[in-house]
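Everything below belongs to start_36.csv, which stores CSV, C-alpha atoms.
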```
chain,number,residue,atom,x,y,z
M,1,MET,CA,0.0,0.0,0.0
M,2,HIS,CA,1.3,3.4,-0.9
M,3,TYR,CA,1.0,6.3,1.4
M,4,LEU,CA,0.6,9.9,0.3
M,5,VAL,CA,3.4,12.0,1.7
M,6,ARG,CA,1.9,15.1,3.4
M,7,THR,CA,3.9,18.2,4.2
M,8,GLU,CA,3.1,20.5,7.1
M,9,LYS,CA,4.7,23.8,7.9
M,10,ASP,CA,5.1,24.9,11.5
M,11,LEU,CA,7.2,27.9,12.6
M,12,GLY,CA,8.7,28.0,9.1
M,13,ILE,CA,10.0,24.5,9.1
M,14,GLN,CA,8.4,22.0,6.6
M,15,PHE,CA,7.8,18.5,8.0
M,16,THR,CA,6.7,15.4,6.1
M,17,ASN,CA,4.8,12.6,7.7
M,18,LYS,CA,8.0,10.6,7.4
M,19,LEU,CA,10.0,13.3,9.2
M,20,ASN,CA,12.1,13.9,6.1
M,21,PHE,CA,13.3,17.5,5.9
M,22,GLU,CA,14.6,17.4,2.3
M,23,LYS,CA,11.9,19.7,1.0
M,24,HIS,CA,12.7,22.2,3.8
M,25,ILE,CA,16.4,22.1,3.1
M,26,ASN,CA,15.8,22.5,-0.7
M,27,SER,CA,13.4,25.5,-0.1
M,28,THR,CA,15.9,27.1,2.3
M,29,VAL,CA,18.8,26.6,-0.1
M,30,ASN,CA,16.7,28.1,-3.0
M,31,LYS,CA,15.7,31.1,-0.8
M,32,VAL,CA,19.3,31.8,0.2
M,33,ASN,CA,20.6,31.4,-3.3
M,34,LYS,CA,18.2,34.1,-4.4
M,35,ILE,CA,19.6,36.4,-1.7
M,36,ILE,CA,23.1,35.7,-2.9
M,37,GLY,CA,22.1,36.5,-6.4
M,38,LEU,CA,20.5,39.8,-5.2
M,39,LEU,CA,23.7,40.7,-3.3
M,40,ARG,CA,25.8,39.9,-6.4
M,41,ARG,CA,23.6,42.2,-8.6
M,42,LYS,CA,23.2,45.1,-6.1
M,43,PHE,CA,26.7,45.5,-4.7
M,44,THR,CA,29.4,46.4,-7.3
M,45,TYR,CA,32.2,45.9,-4.8
M,46,MET,CA,32.3,44.0,-1.6
M,47,ASP,CA,35.2,43.9,0.9
M,48,LYS,CA,35.6,41.3,3.6
M,49,SER,CA,33.9,43.4,6.4
M,50,LEU,CA,30.9,44.3,4.3
M,51,PHE,CA,30.5,40.6,3.2
M,52,LEU,CA,30.7,39.4,6.8
M,53,ILE,CA,27.9,41.8,7.9
M,54,LEU,CA,25.7,40.9,5.0
M,55,TYR,CA,26.4,37.2,5.3
M,56,LYS,CA,25.7,36.9,9.0
M,57,ALA,CA,22.5,39.0,8.7
M,58,LEU,CA,21.0,37.8,5.5
M,59,ILE,CA,22.4,34.3,4.7
M,60,ARG,CA,23.5,32.5,7.8
M,61,SER,CA,20.5,33.5,9.7
M,62,HIS,CA,18.3,31.6,7.2
M,63,LEU,CA,20.6,28.6,7.4
M,64,ASP,CA,20.7,28.5,11.2
M,65,TYR,CA,17.0,29.0,11.8
M,66,GLY,CA,15.6,25.7,13.0
M,67,ASN,CA,18.9,23.9,12.3
M,68,LEU,CA,18.6,21.8,15.4
M,69,ILE,CA,15.3,20.4,14.2
M,70,TYR,CA,16.1,19.8,10.5
M,71,TYR,CA,19.7,18.8,10.9
M,72,PRO,CA,20.8,17.6,7.5
M,73,THR,CA,21.6,13.9,7.8
M,74,THR,CA,22.2,12.7,4.3
M,75,LYS,CA,25.4,13.5,2.4
M,76,LYS,CA,23.4,15.1,-0.4
M,77,CYS,CA,21.6,17.5,2.0
M,78,LYS,CA,24.8,18.4,3.9
M,79,GLN,CA,26.5,19.2,0.6
M,80,LEU,CA,23.6,21.4,-0.5
M,81,VAL,CA,23.8,23.5,2.6
M,82,GLU,CA,27.6,23.7,2.5
M,83,ASN,CA,27.4,24.8,-1.2
M,84,VAL,CA,25.5,27.8,-0.1
M,85,GLN,CA,28.4,29.1,2.0
M,86,ARG,CA,30.8,28.1,-0.8
M,87,ARG,CA,28.9,30.2,-3.3
M,88,ALA,CA,28.5,33.1,-0.9
M,89,THR,CA,32.2,33.4,-0.2
M,90,ARG,CA,32.8,33.9,-3.9
M,91,LEU,CA,31.2,37.3,-3.7
M,92,VAL,CA,34.4,38.8,-2.2
M,93,PRO,CA,36.7,39.7,-5.1
M,94,ALA,CA,39.8,39.9,-2.8
M,95,LEU,CA,39.5,36.1,-2.3
M,96,LYS,CA,39.4,35.2,-5.9
M,97,GLY,CA,41.6,32.3,-6.8
M,98,LEU,CA,41.5,30.8,-3.3
M,99,SER,CA,39.9,27.4,-2.5
M,100,TYR,CA,36.8,27.2,-0.4
M,101,VAL,CA,38.8,26.2,2.7
M,102,GLU,CA,41.2,29.1,2.2
M,103,ARG,CA,38.3,31.6,1.7
M,104,ILE,CA,36.6,30.6,4.9
M,105,LYS,CA,39.9,30.8,6.8
M,106,ALA,CA,40.6,34.2,5.4
M,107,LEU,CA,37.1,35.4,6.4
M,108,ASN,CA,37.4,33.7,9.8
M,109,LEU,CA,34.2,31.7,9.2
M,110,PRO,CA,33.7,28.1,10.4
M,111,SER,CA,32.2,25.6,8.0
M,112,LEU,CA,28.5,25.0,8.4
M,113,GLU,CA,29.2,21.3,9.2
M,114,TYR,CA,31.5,22.5,12.1
M,115,ARG,CA,28.8,24.9,13.4
M,116,ARG,CA,26.2,22.0,13.4
M,117,LYS,CA,28.5,19.7,15.3
M,118,ARG,CA,29.3,22.5,17.7
M,119,PHE,CA,25.6,23.2,18.3
M,120,ASP,CA,25.2,19.5,18.9
M,121,THR,CA,27.8,19.4,21.6
M,122,ILE,CA,26.5,22.5,23.3
```

Can I see the file as structure tokens?
Amino acid sequence: MHYLVRTEKDLGIQFTNKLNFEKHINSTVNKVNKIIGLLRRKFTYMDKSLFLILYKALIRSHLDYGNLIYYPTTKKCKQLVENVQRRATRLVPALKGLSYVERIKALNLPSLEYRRKRFDTI
């Protein structure tokens, strides 16, 4: 017998009846990618300090909201969320040519995987 997968939204987090958060993660990633595109179009130049202010206020806040509930468990979902930060760090022209790991070190940002593990231990 096949069951219909229902989605409910409570406090901005999408739940399915199988407690699969893939739809929520996809919608969050799409929303944040739109914000990154907006920042890319509206700011002609972005230095490290401006990027950090915009990133923490507009991007990371979306990724962190409800993270303890919808914690990405599959490798695919973890990669989707981490790719958002990877894409965002490319907005800083001064870091052009650096790898993702070098960019987050230069910006003094932890990886999102590290932040999730840190929240878990706290």

Quiz item: Within 10 Å of segment 39-42 of chain M, counting all atoms listed in the file, which residues qualify if same-chain residues fewer than 4 places away don't, as a list in words?
Solution: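 With the cut-off at 10 Å, the set is Asn33, Lys34, Ile35, Met46, Phe51, Leu54, Tyr55, Leu58, Ala88, Arg90, Leu91 and Val92 of chain M.
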
Self-check item: Residues within 12 Å of segment 67-82 of chain M, only C-alpha atoms, excluding chain neighbours under 4 positions, as number ranges by chain
Solution: M: 10-16, 19-33, 59-63, 86-89, 100-101, 104, 110-122

Quiz item: When you draw a straight line from atom CA of Asn83 of chain M to atom CA of Lys9 of chain M, how long is it in Å?
Solution: 24.5 Å

Practice problem: Determine the nearest neighbour of Ala106 of chain M from the options M:Val84, M:Ala57, M:Leu4, M:Leu52, counting all atoms listed in the file. | Solution: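 Checking each candidate against Ala106 of chain M, we get M:Leu52 as the closest.
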
Quiz item: Which residue out of M:Lys18, M:Gly66, M:Lys96, M:Glu8 has the minimum interatomic distance to Lys48 of chain M when only C-alpha atoms are used?
Solution: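 Closest residue, counting only C-alpha atoms: M:Lys96.
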
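For the atom pair formed by atom CA of Gln85 of chain M and atom CA of Phe43 of chain M, the distance is 17.8 Å, given to one decimal.
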
Quiz item: Between atom CA of Asp64 of chain M and atom CA of Leu98 of chain M, what is the distance, to one decimal in Å?
Solution: 25.5 Å
